[in-house]
Amino acid sequence: MLEEKVEEYLRKKGIVLSGKKVLVGVSGGPDSLALLHFLWSRESTWNISVIAAHVDHMFRGEESLEEAKFVEDFCKDRSIPIKWKQINMPAIIEETGRNGQMTSREYRYAFYKEVMDEYEIPFLALGHHGDDQVETILMRLTRGSSAKARAGIPFSRPFGPGSLFRPFLCLEKQEIEEYCNKYMLFPRRDPSNDKEVYSRNRFRKHVLPFLKKENPNATAHFQRFSEEAAEDEAFLMEATKTIWDQVVKNQKENEITIDIEAFLSIAISLQRRCIHLILNYLYKEKISSLSAIHTNQIITLFQNPHSSGKIDLPEGLKVVKSYNLAHFQLNISPNAPFYYEILKTGEILLPNGYYIRVEYTSNTLYATEDAIIVDSDLITLPIVIRTRRNGDRIKVRGMDGMKKVKSIFIDAKIPLQERDSWPIVTDGNDNILWLPGLKKSVYSLKQANSGYNLLITYKKQ
């Protein structure tokens with residue numbers, strides 16, 4: 001029986017609902033309606049309180065409104081509290097140009113969070129079942145998804161003020177249909193589920209029947225694969241986090257810099273997941289259009305013997321290789337202010353595409369136009385690369401006194417829009433060492449001396 005199967009599944013998963021409120025996302029279709037009925041029928045025996053939530057996306061006009069009224073009446077007949085909302089998704093999609101299904105899901109889940117917050121509900125239950133799992137895994141593998149996406153739909157995950165869980169993942173669609181018939185639930189049917197314009201519907205109508213014909217237990221096997229893959233992924237992600245500090249050299253809101261040599265020294269499975277962690281951090285886990293192809297492109301870039309290279313990824317993310325460093329930069333404007341520190345030696349890629357490298361040199365090297373030499377004993381570390389500040393002044397080599405950086409920009413006819421993003425190299429005491437491309441300071445040596453000299457280079461990527 002469905003009831004016993006689901007109860008055993010929840011026990012196995014360690015879900016304890018006693019004394020809790022449970023919000024159920026209800027569309028009015030067979031899956032969510034059966035789930036609502038299942039949980040409602042156990043309110044007294046499980047000591048739970050069930051609340052329903054419904055969203056009318058307004059895609060089908062009066063028909064979708066009638067669906068909302070149906071769910072409302074279903075709940076009223078059983079004294080189930082319900083919160084529902086109309087959201088004009090056609091207008092939102094037309095205005096934003098975004099994907100309809102993804103945007104609808106985003107707004108629907110946001111509404112669920114609102115209800116959970118308002119009524120202090122710790123659990124959200126959704127009606128996804130085992131056949132949904134098979135379709136999801138096949139679709140993601142087909143389009144080249146990577147990492148945890150390959151594992152399909154998780155049984156549970158943190159959500160809002162609590163967690164989301166899916167009690168029906170252990171079931172097949174036919175079992176749910178039989179449950180609806182048994183209790184005469186008369187669910188509504190969304191006609192869009194029959195349209196083969198949607199890829200999920202094509203998998204449902206053509207691929208899933210073939211798999212079940214090959215093996216009637218295919219759905220159970222896919223669910224087991226999903227759970228094992230999710231467990232393996234979680235283990236590998238934890239292993240990746242332990243080597244994070246070895247690989248990542250600089251981490252900001254919209255930029256992460258890694259050491260390529262350290263990255264390539266770890267196992268390939270951890271390399272992939274290190275990239276996933278970086279992308280999740282920068283994208284705030286809000287993008288799903290990345291695939292295994294993107295991950296492999298990044299790794300190939302790092303393995304390439306060329307010292308430089310660049311990859312453009314979705315949503316304005318750039319991966320820039322510069323010698324032994326790689327910079328993941330998300331929507332960084334070339335004219336935005338910046339501040340970087342190099343403790344001893346290292347390399348920084350600037351938003352304008354140039355890089356500044358700091359390295360030790362103790363030979364008789366002469367300074368060039370795109371480099372300065374400083375005696376490390378005469379300055380204070382770290383080396384700082386930043387944009388200008390009010391009142392900046394520099395002791396220009398060969399001149400007496402101090403000169404305003406603003407005046408140097410004016411004399412050199414630097415466009416106003418470029419001045420706020422022009423790099424200024426200072427030491428740890430904010431003594432300006434160099435205005436790359438413009439002026440060198442008194443701290444800049446014409447030739448390396450016998451001390452510990454630092455060579456600071458400014459070149460185009």
# chains A, B, ... in the order shown; residues from 1 in each chain; ligands from 1

$ residues_around --residues "Ile87 (chain A)" --least-positions-apart "5" --cutoff "8 Å" --atoms "only C-alpha atoms" --output "JSON, numbers by chain"
{"A": [55, 56, 57, 58]}

$ select_by_dssp --residues "region 98-278 of chain A" --states "alpha helix (DSSP H)" --output "NGL selection string"
:A and (100-119 or 130-143 or 173-182 or 199-202 or 208-214 or 218-242 or 244-247 or 260-264 or 268-278)

$ residues_around --residues "Phe74 (chain A)" --least-positions-apart "4" --cutoff "12 Å" --atoms "only C-alpha atoms" --output "list of chain:residue names"
A:Val26, A:Ser27, A:Gly28, A:Leu33, A:Ala34, A:Leu36, A:His37, A:Trp40, A:Ala52, A:His54, A:Glu67, A:Ala68, A:Lys69, A:Phe70, A:Arg78, A:Ser79, A:Ile80, A:Pro81, A:Ile82, A:Met184, A:Leu185, A:Phe186, A:Pro187, A:Arg188

$ write_last_selection --atoms "C-alpha atoms" --output "short mmCIF file (atom, residue, chain, number, x, y, z; two decimals), in the first residue's frame"
data_model
loop_
_atom_site.label_atom_id
_atom_site.label_comp_id
_atom_site.auth_asym_id
_atom_site.auth_seq_id
_atom_site.Cartn_x
_atom_site.Cartn_y
_atom_site.Cartn_z
CA VAL A 26 -0.54 22.16 -3.99
CA SER A 27 -1.12 22.71 -7.69
CA GLY A 28 -4.39 20.76 -7.85
CA LEU A 33 -3.41 16.66 -4.11
CA ALA A 34 -2.64 13.09 -3.04
CA LEU A 36 -2.03 16.92 0.82
CA HIS A 37 -4.68 14.28 1.48
CA TRP A 40 -4.04 15.64 6.30
CA ALA A 52 -1.79 24.26 1.99
CA HIS A 54 -1.25 27.39 -3.98
CA GLU A 67 -7.98 25.44 -10.48
CA ALA A 68 -7.16 27.75 -7.56
CA LYS A 69 -10.82 27.76 -6.50
CA PHE A 70 -10.86 23.97 -6.70
CA ARG A 78 -11.46 19.27 5.09
CA SER A 79 -10.85 22.33 7.29
CA ILE A 80 -7.29 22.64 5.94
CA PRO A 81 -5.94 26.21 6.23
CA ILE A 82 -4.88 27.50 2.80
CA MET A 184 -12.07 9.92 -4.98
CA LEU A 185 -9.93 13.04 -5.02
CA PHE A 186 -10.72 14.04 -8.64
CA PRO A 187 -7.55 16.11 -9.27
CA ARG A 188 -7.30 18.74 -12.00
#

$ atom_distance --atom1 "CA of Leu435 (chain A)" --atom2 "CA of Pro423 (chain A)"
6.8 Å

$ select_by_dssp --residues "region 46-253 of chain A" --states "strand (DSSP E or B)" --output "number ranges by chain"
A: 49-56, 82-86, 123-125, 156-159, 162-165, 248-251

$ write_last_selection --atoms "N, CA and C atoms" --output "PDB file, in the first residue's frame"
ATOM      1  N   SER A  49       0.181  19.593  12.014  1.00  0.00           N
ATOM      2  CA  SER A  49      -0.784  20.557  11.485  1.00  0.00           C
ATOM      3  C   SER A  49      -0.433  20.834  10.038  1.00  0.00           C
ATOM      4  N   VAL A  50      -1.388  20.596   9.152  1.00  0.00           N
ATOM      5  CA  VAL A  50      -1.139  20.734   7.714  1.00  0.00           C
ATOM      6  C   VAL A  50      -1.747  22.037   7.200  1.00  0.00           C
ATOM      7  N   ILE A  51      -0.965  22.765   6.430  1.00  0.00           N
ATOM      8  CA  ILE A  51      -1.404  24.002   5.773  1.00  0.00           C
ATOM      9  C   ILE A  51      -1.097  23.859   4.287  1.00  0.00           C
ATOM     10  N   ALA A  52      -1.986  24.356   3.443  1.00  0.00           N
ATOM     11  CA  ALA A  52      -1.789  24.262   1.993  1.00  0.00           C
ATOM     12  C   ALA A  52      -1.394  25.619   1.419  1.00  0.00           C
ATOM     13  N   ALA A  53      -0.607  25.592   0.353  1.00  0.00           N
ATOM     14  CA  ALA A  53      -0.223  26.815  -0.362  1.00  0.00           C
ATOM     15  C   ALA A  53      -0.391  26.578  -1.857  1.00  0.00           C
ATOM     16  N   HIS A  54      -1.007  27.527  -2.539  1.00  0.00           N
ATOM     17  CA  HIS A  54      -1.250  27.387  -3.981  1.00  0.00           C
ATOM     18  C   HIS A  54      -0.915  28.702  -4.670  1.00  0.00           C
ATOM     19  N   VAL A  55      -0.336  28.611  -5.870  1.00  0.00           N
ATOM     20  CA  VAL A  55      -0.038  29.790  -6.687  1.00  0.00           C
ATOM     21  C   VAL A  55      -0.739  29.657  -8.029  1.00  0.00           C
ATOM     22  N   ASP A  56      -1.531  30.669  -8.384  1.00  0.00           N
ATOM     23  CA  ASP A  56      -2.129  30.758  -9.709  1.00  0.00           C
ATOM     24  C   ASP A  56      -1.207  31.624 -10.553  1.00  0.00           C
ATOM     25  N   ILE A  82      -5.524  27.340   4.109  1.00  0.00           N
ATOM     26  CA  ILE A  82      -4.876  27.503   2.800  1.00  0.00           C
ATOM     27  C   ILE A  82      -4.517  28.957   2.555  1.00  0.00           C
ATOM     28  N   LYS A  83      -3.355  29.151   1.958  1.00  0.00           N
ATOM     29  CA  LYS A  83      -2.928  30.459   1.492  1.00  0.00           C
ATOM     30  C   LYS A  83      -2.674  30.332  -0.004  1.00  0.00           C
ATOM     31  N   TRP A  84      -3.285  31.217  -0.784  1.00  0.00           N
ATOM     32  CA  TRP A  84      -3.013  31.168  -2.223  1.00  0.00           C
ATOM     33  C   TRP A  84      -2.892  32.573  -2.780  1.00  0.00           C
ATOM     34  N   LYS A  85      -2.242  32.641  -3.944  1.00  0.00           N
ATOM     35  CA  LYS A  85      -1.889  33.944  -4.497  1.00  0.00           C
ATOM     36  C   LYS A  85      -1.901  33.882  -6.019  1.00  0.00           C
ATOM     37  N   GLN A  86      -2.329  34.962  -6.634  1.00  0.00           N
ATOM     38  CA  GLN A  86      -2.245  35.094  -8.093  1.00  0.00           C
ATOM     39  C   GLN A  86      -0.996  35.902  -8.445  1.00  0.00           C
ATOM     40  N   PHE A 123       8.503  22.940   7.890  1.00  0.00           N
ATOM     41  CA  PHE A 123       8.596  21.948   6.812  1.00  0.00           C
ATOM     42  C   PHE A 123       7.744  22.352   5.609  1.00  0.00           C
ATOM     43  N   LEU A 124       8.319  22.172   4.431  1.00  0.00           N
ATOM     44  CA  LEU A 124       7.579  22.298   3.176  1.00  0.00           C
ATOM     45  C   LEU A 124       7.602  20.949   2.486  1.00  0.00           C
ATOM     46  N   ALA A 125       6.427  20.383   2.187  1.00  0.00           N
ATOM     47  CA  ALA A 125       6.324  19.089   1.502  1.00  0.00           C
ATOM     48  C   ALA A 125       5.875  19.306   0.059  1.00  0.00           C
ATOM     49  N   SER A 156      15.530  15.951   0.439  1.00  0.00           N
ATOM     50  CA  SER A 156      15.323  17.126   1.288  1.00  0.00           C
ATOM     51  C   SER A 156      16.492  18.081   1.125  1.00  0.00           C
ATOM     52  N   ARG A 157      16.244  19.320   1.514  1.00  0.00           N
ATOM     53  CA  ARG A 157      17.284  20.342   1.517  1.00  0.00           C
ATOM     54  C   ARG A 157      16.815  21.504   2.381  1.00  0.00           C
ATOM     55  N   PRO A 158      17.756  22.315   2.882  1.00  0.00           N
ATOM     56  CA  PRO A 158      17.355  23.498   3.652  1.00  0.00           C
ATOM     57  C   PRO A 158      16.504  24.420   2.793  1.00  0.00           C
ATOM     58  N   PHE A 159      15.484  24.999   3.395  1.00  0.00           N
ATOM     59  CA  PHE A 159      14.603  25.887   2.643  1.00  0.00           C
ATOM     60  C   PHE A 159      13.934  26.862   3.603  1.00  0.00           C
ATOM     61  N   GLY A 162      13.227  26.539   7.452  1.00  0.00           N
ATOM     62  CA  GLY A 162      13.311  25.127   7.830  1.00  0.00           C
ATOM     63  C   GLY A 162      13.870  24.276   6.707  1.00  0.00           C
ATOM     64  N   SER A 163      13.089  23.291   6.271  1.00  0.00           N
ATOM     65  CA  SER A 163      13.560  22.402   5.210  1.00  0.00           C
ATOM     66  C   SER A 163      12.411  21.970   4.310  1.00  0.00           C
ATOM     67  N   LEU A 164      12.798  21.607   3.105  1.00  0.00           N
ATOM     68  CA  LEU A 164      11.874  21.096   2.094  1.00  0.00           C
ATOM     69  C   LEU A 164      12.084  19.594   2.006  1.00  0.00           C
ATOM     70  N   PHE A 165      10.998  18.810   1.895  1.00  0.00           N
ATOM     71  CA  PHE A 165      11.168  17.369   1.711  1.00  0.00           C
ATOM     72  C   PHE A 165      10.095  16.829   0.762  1.00  0.00           C
ATOM     73  N   VAL A 248      42.996  28.602  -3.265  1.00  0.00           N
ATOM     74  CA  VAL A 248      42.488  29.971  -3.389  1.00  0.00           C
ATOM     75  C   VAL A 248      43.449  30.960  -2.734  1.00  0.00           C
ATOM     76  N   LYS A 249      43.891  31.947  -3.519  1.00  0.00           N
ATOM     77  CA  LYS A 249      44.855  32.933  -3.026  1.00  0.00           C
ATOM     78  C   LYS A 249      44.199  34.260  -2.669  1.00  0.00           C
ATOM     79  N   ASN A 250      43.074  34.552  -3.269  1.00  0.00           N
ATOM     80  CA  ASN A 250      42.398  35.814  -2.997  1.00  0.00           C
ATOM     81  C   ASN A 250      40.905  35.622  -3.224  1.00  0.00           C
ATOM     82  N   GLN A 251      40.089  36.116  -2.304  1.00  0.00           N
ATOM     83  CA  GLN A 251      38.647  35.902  -2.400  1.00  0.00           C
ATOM     84  C   GLN A 251      37.919  37.194  -2.062  1.00  0.00           C
TER      85      GLN A 251
END

$ residues_around --residues "region 255-268 of chain A" --least-positions-apart "4" --cutoff "10 Å" --atoms "only C-alpha atoms" --output "ChimeraX atom specification"
/A:240,243-251,272-275,278-279,281-282,299,302-303,317-332,347-349

$ write_last_selection --atoms "C-alpha atoms" --output "short mmCIF file (atom, residue, chain, number, x, y, z; two decimals), in the first residue's frame"
data_model
loop_
_atom_site.label_atom_id
_atom_site.label_comp_id
_atom_site.auth_asym_id
_atom_site.auth_seq_id
_atom_site.Cartn_x
_atom_site.Cartn_y
_atom_site.Cartn_z
CA THR A 240 37.41 19.74 -1.65
CA ILE A 243 42.13 21.94 0.28
CA TRP A 244 40.39 25.26 -0.46
CA ASP A 245 43.02 27.40 1.30
CA GLN A 246 45.81 25.70 -0.66
CA VAL A 247 44.24 26.64 -3.98
CA VAL A 248 42.49 29.97 -3.39
CA LYS A 249 44.85 32.93 -3.03
CA ASN A 250 42.40 35.81 -3.00
CA GLN A 251 38.65 35.90 -2.40
CA ARG A 272 35.97 19.76 -10.86
CA ARG A 273 34.37 20.32 -7.48
CA CYS A 274 36.73 23.15 -6.63
CA ILE A 275 35.45 24.90 -9.76
CA ILE A 278 33.99 28.82 -6.91
CA LEU A 279 31.10 29.19 -9.34
CA TYR A 281 30.18 31.30 -4.51
CA LEU A 282 30.28 33.88 -7.30
CA ILE A 299 40.50 22.80 -16.62
CA PHE A 302 44.71 25.72 -16.82
CA GLN A 303 46.49 22.72 -18.38
CA LEU A 317 31.72 35.67 -15.56
CA LYS A 318 35.26 35.67 -16.97
CA VAL A 319 38.03 33.20 -16.20
CA VAL A 320 41.40 34.78 -16.97
CA LYS A 321 44.68 32.87 -16.83
CA SER A 322 47.86 34.86 -16.20
CA TYR A 323 50.98 32.75 -15.68
CA ASN A 324 50.41 30.69 -12.51
CA LEU A 325 47.27 32.52 -11.43
CA ALA A 326 43.68 32.27 -12.62
CA HIS A 327 41.12 34.94 -11.90
CA PHE A 328 37.38 34.24 -11.78
CA GLN A 329 35.73 37.65 -12.20
CA LEU A 330 31.97 38.25 -12.18
CA ASN A 331 30.64 41.46 -13.73
CA ILE A 332 33.69 43.51 -12.78
CA GLU A 347 50.59 38.72 -9.33
CA ILE A 348 47.29 40.61 -9.60
CA LEU A 349 45.08 40.90 -12.65
#

$ closest_atom_pairs --of "region 106-170 of chain A" --to "region 227-232 of chain A" --cutoff "12 Å" --atoms "only C-alpha atoms" --output "JSON lines"
{"residue": "A:Gly130", "atom": "CA", "partner": "A:Glu227", "partner_atom": "CA", "distance": 11.9}
{"residue": "A:Gln133", "atom": "CA", "partner": "A:Glu227", "partner_atom": "CA", "distance": 10.8}
{"residue": "A:Ile137", "atom": "CA", "partner": "A:Ala229", "partner_atom": "CA", "distance": 11.0}
{"residue": "A:Ser146", "atom": "CA", "partner": "A:Ala229", "partner_atom": "CA", "distance": 11.4}
{"residue": "A:Ala147", "atom": "CA", "partner": "A:Ala230", "partner_atom": "CA", "distance": 9.0}
{"residue": "A:Lys148", "atom": "CA", "partner": "A:Ala230", "partner_atom": "CA", "distance": 6.2}
{"residue": "A:Ala149", "atom": "CA", "partner": "A:Ala230", "partner_atom": "CA", "distance": 8.9}
{"residue": "A:Arg150", "atom": "CA", "partner": "A:Ala229", "partner_atom": "CA", "distance": 7.7}
{"residue": "A:Ala151", "atom": "CA", "partner": "A:Ala229", "partner_atom": "CA", "distance": 5.4}
{"residue": "A:Gly152", "atom": "CA", "partner": "A:Ala230", "partner_atom": "CA", "distance": 8.4}
{"residue": "A:Ile153", "atom": "CA", "partner": "A:Glu227", "partner_atom": "CA", "distance": 9.2}
{"residue": "A:Pro154", "atom": "CA", "partner": "A:Glu227", "partner_atom": "CA", "distance": 7.7}
{"residue": "A:Phe155", "atom": "CA", "partner": "A:Glu227", "partner_atom": "CA", "distance": 8.3}
{"residue": "A:Ser156", "atom": "CA", "partner": "A:Glu227", "partner_atom": "CA", "distance": 11.0}
{"residue": "A:Arg157", "atom": "CA", "partner": "A:Ala230", "partner_atom": "CA", "distance": 11.6}
{"residue": "A:Leu169", "atom": "CA", "partner": "A:Glu227", "partner_atom": "CA", "distance": 10.8}
{"residue": "A:Cys170", "atom": "CA", "partner": "A:Glu227", "partner_atom": "CA", "distance": 11.3}

$ write_last_selection --atoms "C-alpha atoms" --output "mmCIF file, in the first residue's frame"
data_model
loop_
_atom_site.group_PDB
_atom_site.id
_atom_site.type_symbol
_atom_site.label_atom_id
_atom_site.label_comp_id
_atom_site.auth_asym_id
_atom_site.auth_seq_id
_atom_site.Cartn_x
_atom_site.Cartn_y
_atom_site.Cartn_z
ATOM 1 C CA GLY A 130 9.969 8.535 -8.536
ATOM 2 C CA GLN A 133 13.216 11.555 -10.604
ATOM 3 C CA ILE A 137 18.188 12.561 -14.163
ATOM 4 C CA SER A 146 27.605 18.135 -13.791
ATOM 5 C CA ALA A 147 28.227 17.545 -10.078
ATOM 6 C CA LYS A 148 25.204 17.229 -7.810
ATOM 7 C CA ALA A 149 22.811 18.101 -10.665
ATOM 8 C CA ARG A 150 23.399 14.606 -12.051
ATOM 9 C CA ALA A 151 21.940 13.124 -8.864
ATOM 10 C CA GLY A 152 18.539 14.546 -9.737
ATOM 11 C CA ILE A 153 15.952 15.647 -7.199
ATOM 12 C CA PRO A 154 17.110 15.558 -3.555
ATOM 13 C CA PHE A 155 14.774 14.091 -0.944
ATOM 14 C CA SER A 156 15.323 17.126 1.288
ATOM 15 C CA ARG A 157 17.284 20.342 1.517
ATOM 16 C CA LEU A 169 10.007 10.081 -4.200
ATOM 17 C CA CYS A 170 9.660 6.422 -3.283
#

$ atom_distance --atom1 "CA of Gly391 (chain A)" --atom2 "CA of Lys252 (chain A)"
26.8 Å

$ closest_residue --among "A:Leu17, A:Ala412, A:Val134, A:Leu438" --to "Gln223 (chain A)" --atoms "only C-alpha atoms"
A:Val134
